[in-house]
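> The structure under discussion is supplied below as structure tokens; questions concerning it will follow.
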Amino acid sequence: MRGQQARAAADWFERQRVSATQPTWWFWRWIIKRGRYVLAPFGHLEVTGSVRADLRSGPLLIAPNHIGNFDTFVIAAAMGTVGLDARFLVTGGIMTAPVVGPLLERSGSLRVERGKTDAARSMELVDLALHHGAHLCIYQEGRVTLDPGMWPERGKTGLARIALKHQIPVIPVAQWGAHEVTKYDQPKAMLTSTLSATWRRPTLRVHFGEPVDLSGLRADRRGDAMRARNRIAAAQTRLLAPLRAGEPHAPQFVDETRPVPDRPTAAFPDGQVPDELP
């Protein structure tokens, strides 16, 4: 049994190493460039902002806020709209799922595993992909936000550490509306909400901002990864505020399957970001 597990681990890692050094699947690139039409049955995609031409040659880190189960599709389509080649950092549980896992792997997404050995392997894949100019999308929050107001959470420092280690630009992205397509939990609710989106057709707003200012921060200095993380969360929050101008405190769309904590979990509750950050 242990031998089989070791071989399986070696197999996925070798496949991913090859994938990290090669262009993404041609069919995936074709799909995301036409993502607006692919998403049309579920909502109206509005993409604003852009990514400078000199940055699009890569490598590049894309940092969107995470608001729902459908928003990865929205971000992929938006990245294709602005000329980016979308790759995602995806947890191992999803990458090993039937059908979805192989498709994600084929599209060039990278598998993230926990545990000392597997985490090191995951970072090796990230390093390889970025060395080959990848446009890598990472959800800093690590989960769909559970803040009562659905503002971005601070999340973890993984994205910040990668950015500081490689000195790669981080493009903050704000999105709003994808949470109205597929509900947070319960298979029946998720299915019925997704189907009903075909006649509700919510507006799926995505905005690409300017690179986050990480000047003065270093990978080898204590506390700088947290400072970088906070700057990224601040940039996301500032970009999100105008996208949800009519819903500053709580989303109008009611999702009874989403757990709501008693206290805010947002990095900047109600979207209130101070003028100066450390």
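Labels used: A, B, ... for chains in the order of the structure tokens, numbers from 1 for residues in each chain, and numbers from 1 for ligands as shown.
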Give me, as number ranges by chain, the residues of region 10-210 of chain A that a backbone DSSP run labels strand (DSSP E).

A: 44-49, 60-64, 86-91, 110-112, 135-137, 170-176, 203-208

> Restrict the calculation to only C-alpha atoms, then for each residue of region 82-181 of chain A with any atom at most 9 Å from an atom of region 230-236 of chain A give the closest atom pair and their distance in Å to one decimal, rows by chain and rising residue number, as a Markdown table.


| residue | atom | partner | partner_atom | distance |
| --- | --- | --- | --- | --- |
| A:Gln140 | CA | A:Ala233 | CA | 8.2 |
| A:Glu141 | CA | A:Ala233 | CA | 8.8 |
| A:Pro152 | CA | A:Ala233 | CA | 6.5 |
| A:Glu153 | CA | A:Ala233 | CA | 7.0 |
| A:Arg154 | CA | A:Ala233 | CA | 5.8 |
| A:Gly155 | CA | A:Ala233 | CA | 8.4 |
| A:Ala160 | CA | A:Ile232 | CA | 8.0 |
| A:Val170 | CA | A:Ile232 | CA | 8.0 |
| A:Ile171 | CA | A:Ile232 | CA | 8.7 |
| A:Pro172 | CA | A:Gln236 | CA | 5.6 |
| A:Val173 | CA | A:Gln236 | CA | 6.0 |
| A:Ala174 | CA | A:Gln236 | CA | 5.5 |
| A:Gln175 | CA | A:Gln236 | CA | 8.9 |

> Could you save those same residues with N, CA and C atoms as a compact mmCIF listing (two decimals), in the first residue's frame?


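Listed below is the output, selection38.txt:
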# COMPACT_ATOMS: atom_id res chain seq x y z
N GLN A 140 -5.40 34.52 -2.22
CA GLN A 140 -4.68 34.76 -0.98
C GLN A 140 -5.49 34.30 0.23
N GLU A 141 -6.82 34.45 0.16
CA GLU A 141 -7.67 34.10 1.31
C GLU A 141 -7.65 32.60 1.61
N PRO A 152 -12.94 41.10 1.44
CA PRO A 152 -11.78 40.19 1.43
C PRO A 152 -11.18 39.97 2.81
N GLU A 153 -10.85 38.73 3.08
CA GLU A 153 -10.12 38.39 4.30
C GLU A 153 -8.62 38.52 4.05
N ARG A 154 -7.85 38.64 5.12
CA ARG A 154 -6.40 38.72 4.97
C ARG A 154 -5.83 37.43 4.39
N GLY A 155 -6.29 36.32 4.92
CA GLY A 155 -5.81 35.04 4.43
C GLY A 155 -4.41 34.71 4.91
N ALA A 160 2.09 36.27 -0.79
CA ALA A 160 3.04 37.34 -0.49
C ALA A 160 4.48 36.82 -0.50
N VAL A 170 2.37 41.69 -8.47
CA VAL A 170 1.08 41.13 -8.05
C VAL A 170 -0.02 42.04 -8.56
N ILE A 171 -0.91 41.49 -9.39
CA ILE A 171 -2.03 42.25 -9.91
C ILE A 171 -3.25 41.97 -9.04
N PRO A 172 -3.74 42.97 -8.29
CA PRO A 172 -4.94 42.74 -7.48
C PRO A 172 -6.17 42.75 -8.37
N VAL A 173 -7.10 41.87 -8.07
CA VAL A 173 -8.33 41.77 -8.85
C VAL A 173 -9.51 41.75 -7.89
N ALA A 174 -10.52 42.56 -8.19
CA ALA A 174 -11.75 42.56 -7.41
C ALA A 174 -12.87 42.02 -8.27
N GLN A 175 -13.74 41.23 -7.66
CA GLN A 175 -14.88 40.71 -8.40
C GLN A 175 -16.12 40.73 -7.52

> Would you pick out the contacts of region 191-208 of chain A at 8 Å or less, using only C-alpha atoms, so that residues sharing its chain but fewer than 5 positions from it are not included, and give the list as a list in words?

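Listing them by chain and then by number gives Pro41, Phe42, Gly43, His44, Leu45, Glu46, Val47, Thr48, Gly49, Ser50, Val51, Val74, Ile75, Ala78, Ile171, Pro172, Val173, Ala174, Gln175, Trp176, Gly177, Ala178, Glu180, Val181, Thr182, Lys183, Leu239, Leu240 and Leu243 of chain A.
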
> With N, CA and C atoms retained, could you export that selection as a PDB file, in the first residue's frame?


ATOM      1  N   PRO A  41     -24.702  32.207 -20.558  1.00  0.00           N
ATOM      2  CA  PRO A  41     -25.954  31.652 -20.030  1.00  0.00           C
ATOM      3  C   PRO A  41     -26.162  31.930 -18.536  1.00  0.00           C
ATOM      4  N   PHE A  42     -25.087  32.180 -17.797  1.00  0.00           N
ATOM      5  CA  PHE A  42     -25.187  32.314 -16.345  1.00  0.00           C
ATOM      6  C   PHE A  42     -25.142  33.765 -15.861  1.00  0.00           C
ATOM      7  N   GLY A  43     -24.764  34.690 -16.719  1.00  0.00           N
ATOM      8  CA  GLY A  43     -24.681  36.071 -16.294  1.00  0.00           C
ATOM      9  C   GLY A  43     -23.972  36.915 -17.327  1.00  0.00           C
ATOM     10  N   HIS A  44     -23.944  38.209 -17.058  1.00  0.00           N
ATOM     11  CA  HIS A  44     -23.314  39.163 -17.973  1.00  0.00           C
ATOM     12  C   HIS A  44     -21.955  39.572 -17.424  1.00  0.00           C
ATOM     13  N   LEU A  45     -20.895  39.230 -18.130  1.00  0.00           N
ATOM     14  CA  LEU A  45     -19.541  39.530 -17.662  1.00  0.00           C
ATOM     15  C   LEU A  45     -19.140  40.948 -18.034  1.00  0.00           C
ATOM     16  N   GLU A  46     -18.712  41.711 -17.026  1.00  0.00           N
ATOM     17  CA  GLU A  46     -18.187  43.065 -17.235  1.00  0.00           C
ATOM     18  C   GLU A  46     -16.763  43.112 -16.699  1.00  0.00           C
ATOM     19  N   VAL A  47     -15.804  43.323 -17.583  1.00  0.00           N
ATOM     20  CA  VAL A  47     -14.392  43.376 -17.194  1.00  0.00           C
ATOM     21  C   VAL A  47     -13.882  44.793 -17.392  1.00  0.00           C
ATOM     22  N   THR A  48     -13.321  45.356 -16.340  1.00  0.00           N
ATOM     23  CA  THR A  48     -12.745  46.695 -16.415  1.00  0.00           C
ATOM     24  C   THR A  48     -11.295  46.637 -15.940  1.00  0.00           C
ATOM     25  N   GLY A  49     -10.563  47.721 -16.214  1.00  0.00           N
ATOM     26  CA  GLY A  49      -9.140  47.715 -15.906  1.00  0.00           C
ATOM     27  C   GLY A  49      -8.390  46.905 -16.947  1.00  0.00           C
ATOM     28  N   SER A  50      -7.102  46.815 -16.783  1.00  0.00           N
ATOM     29  CA  SER A  50      -6.275  46.096 -17.754  1.00  0.00           C
ATOM     30  C   SER A  50      -4.947  45.722 -17.103  1.00  0.00           C
ATOM     31  N   VAL A  51      -4.151  44.980 -17.856  1.00  0.00           N
ATOM     32  CA  VAL A  51      -2.797  44.627 -17.436  1.00  0.00           C
ATOM     33  C   VAL A  51      -1.846  45.136 -18.514  1.00  0.00           C
ATOM     34  N   VAL A  74     -15.300  32.747 -13.590  1.00  0.00           N
ATOM     35  CA  VAL A  74     -15.381  34.164 -13.940  1.00  0.00           C
ATOM     36  C   VAL A  74     -13.994  34.767 -14.066  1.00  0.00           C
ATOM     37  N   ILE A  75     -13.112  34.454 -13.126  1.00  0.00           N
ATOM     38  CA  ILE A  75     -11.750  34.995 -13.164  1.00  0.00           C
ATOM     39  C   ILE A  75     -10.998  34.470 -14.386  1.00  0.00           C
ATOM     40  N   ALA A  78     -12.217  36.360 -17.341  1.00  0.00           N
ATOM     41  CA  ALA A  78     -11.741  37.741 -17.294  1.00  0.00           C
ATOM     42  C   ALA A  78     -10.262  37.824 -17.650  1.00  0.00           C
ATOM     43  N   ILE A 171      -0.910  41.494  -9.388  1.00  0.00           N
ATOM     44  CA  ILE A 171      -2.033  42.253  -9.911  1.00  0.00           C
ATOM     45  C   ILE A 171      -3.250  41.975  -9.043  1.00  0.00           C
ATOM     46  N   PRO A 172      -3.736  42.975  -8.294  1.00  0.00           N
ATOM     47  CA  PRO A 172      -4.935  42.742  -7.477  1.00  0.00           C
ATOM     48  C   PRO A 172      -6.171  42.751  -8.370  1.00  0.00           C
ATOM     49  N   VAL A 173      -7.097  41.866  -8.068  1.00  0.00           N
ATOM     50  CA  VAL A 173      -8.331  41.768  -8.847  1.00  0.00           C
ATOM     51  C   VAL A 173      -9.510  41.754  -7.888  1.00  0.00           C
ATOM     52  N   ALA A 174     -10.517  42.565  -8.188  1.00  0.00           N
ATOM     53  CA  ALA A 174     -11.749  42.560  -7.406  1.00  0.00           C
ATOM     54  C   ALA A 174     -12.871  42.018  -8.271  1.00  0.00           C
ATOM     55  N   GLN A 175     -13.739  41.230  -7.664  1.00  0.00           N
ATOM     56  CA  GLN A 175     -14.885  40.705  -8.402  1.00  0.00           C
ATOM     57  C   GLN A 175     -16.121  40.734  -7.524  1.00  0.00           C
ATOM     58  N   TRP A 176     -17.267  40.851  -8.177  1.00  0.00           N
ATOM     59  CA  TRP A 176     -18.544  40.870  -7.473  1.00  0.00           C
ATOM     60  C   TRP A 176     -19.623  40.329  -8.402  1.00  0.00           C
ATOM     61  N   GLY A 177     -20.483  39.487  -7.877  1.00  0.00           N
ATOM     62  CA  GLY A 177     -21.588  38.947  -8.659  1.00  0.00           C
ATOM     63  C   GLY A 177     -21.559  37.449  -8.830  1.00  0.00           C
ATOM     64  N   ALA A 178     -20.373  36.848  -8.832  1.00  0.00           N
ATOM     65  CA  ALA A 178     -20.279  35.401  -9.028  1.00  0.00           C
ATOM     66  C   ALA A 178     -20.943  34.629  -7.900  1.00  0.00           C
ATOM     67  N   GLU A 180     -23.726  35.092  -6.756  1.00  0.00           N
ATOM     68  CA  GLU A 180     -25.146  34.976  -7.047  1.00  0.00           C
ATOM     69  C   GLU A 180     -25.456  33.826  -8.005  1.00  0.00           C
ATOM     70  N   VAL A 181     -24.428  33.242  -8.593  1.00  0.00           N
ATOM     71  CA  VAL A 181     -24.651  32.142  -9.538  1.00  0.00           C
ATOM     72  C   VAL A 181     -24.814  30.827  -8.788  1.00  0.00           C
ATOM     73  N   THR A 182     -23.802  30.441  -8.008  1.00  0.00           N
ATOM     74  CA  THR A 182     -23.824  29.156  -7.304  1.00  0.00           C
ATOM     75  C   THR A 182     -23.716  29.387  -5.805  1.00  0.00           C
ATOM     76  N   LYS A 183     -24.645  28.833  -5.055  1.00  0.00           N
ATOM     77  CA  LYS A 183     -24.631  29.032  -3.606  1.00  0.00           C
ATOM     78  C   LYS A 183     -23.436  28.324  -2.968  1.00  0.00           C
ATOM     79  N   LEU A 239     -10.388  48.148  -4.632  1.00  0.00           N
ATOM     80  CA  LEU A 239     -10.942  47.912  -5.965  1.00  0.00           C
ATOM     81  C   LEU A 239     -12.380  47.402  -5.898  1.00  0.00           C
ATOM     82  N   LEU A 240     -12.685  46.650  -4.838  1.00  0.00           N
ATOM     83  CA  LEU A 240     -14.012  46.054  -4.717  1.00  0.00           C
ATOM     84  C   LEU A 240     -15.091  47.079  -4.392  1.00  0.00           C
ATOM     85  N   LEU A 243     -17.297  48.360  -7.158  1.00  0.00           N
ATOM     86  CA  LEU A 243     -18.034  47.299  -7.849  1.00  0.00           C
ATOM     87  C   LEU A 243     -19.328  46.950  -7.119  1.00  0.00           C
TER      88      LEU A 243
END

> Pull the helix (DSSP H, G or I) assignments for region 23-227 of chain A out of DSSP run on the backbone, and list those residues as an MDAnalysis selection string.

chainID A and resid 26:33 35:39 71:81 92:95 100:106 116:131 158:166 178:180 187:200 224:227

> Quick one: pull the distance between CA of Leu164 (chain A) and CA of Ala219 (chain A), Å, one decimal.

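These atoms are spaced 4.9 Å apart.
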
> Tell me, in Å to one decimal, how far CA of Gly209 (chain A) is from CA of Ile67 (chain A).

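Answer for the CA of Gly209 (chain A) to CA of Ile67 (chain A) separation: 17.7 Å.
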
> Can you tell me, as a count of residues only, what residues are no more than 10 Å from region 128-131 of chain A when counting only C-alpha atoms, ignoring any on the same chain fewer than 5 positions away?

22

> Do you have the CA of Leu104 (chain A)-CA of Arg36 (chain A) distance handy?

19.3 Å

> My list of candidates is A:Trp30, A:Leu146, A:Thr257, A:Pro274. Which is closest to Lys188 (chain A) when distances are computed with only C-alpha atoms?

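Closest residue, counting only C-alpha atoms: A:Thr257.
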
> Which residue out of A:Arg15, A:Arg143, A:His135, A:Lys156 has the minimum interatomic distance to Val90 (chain A) when only C-alpha atoms are used?

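Closest residue, counting only C-alpha atoms: A:Arg143.
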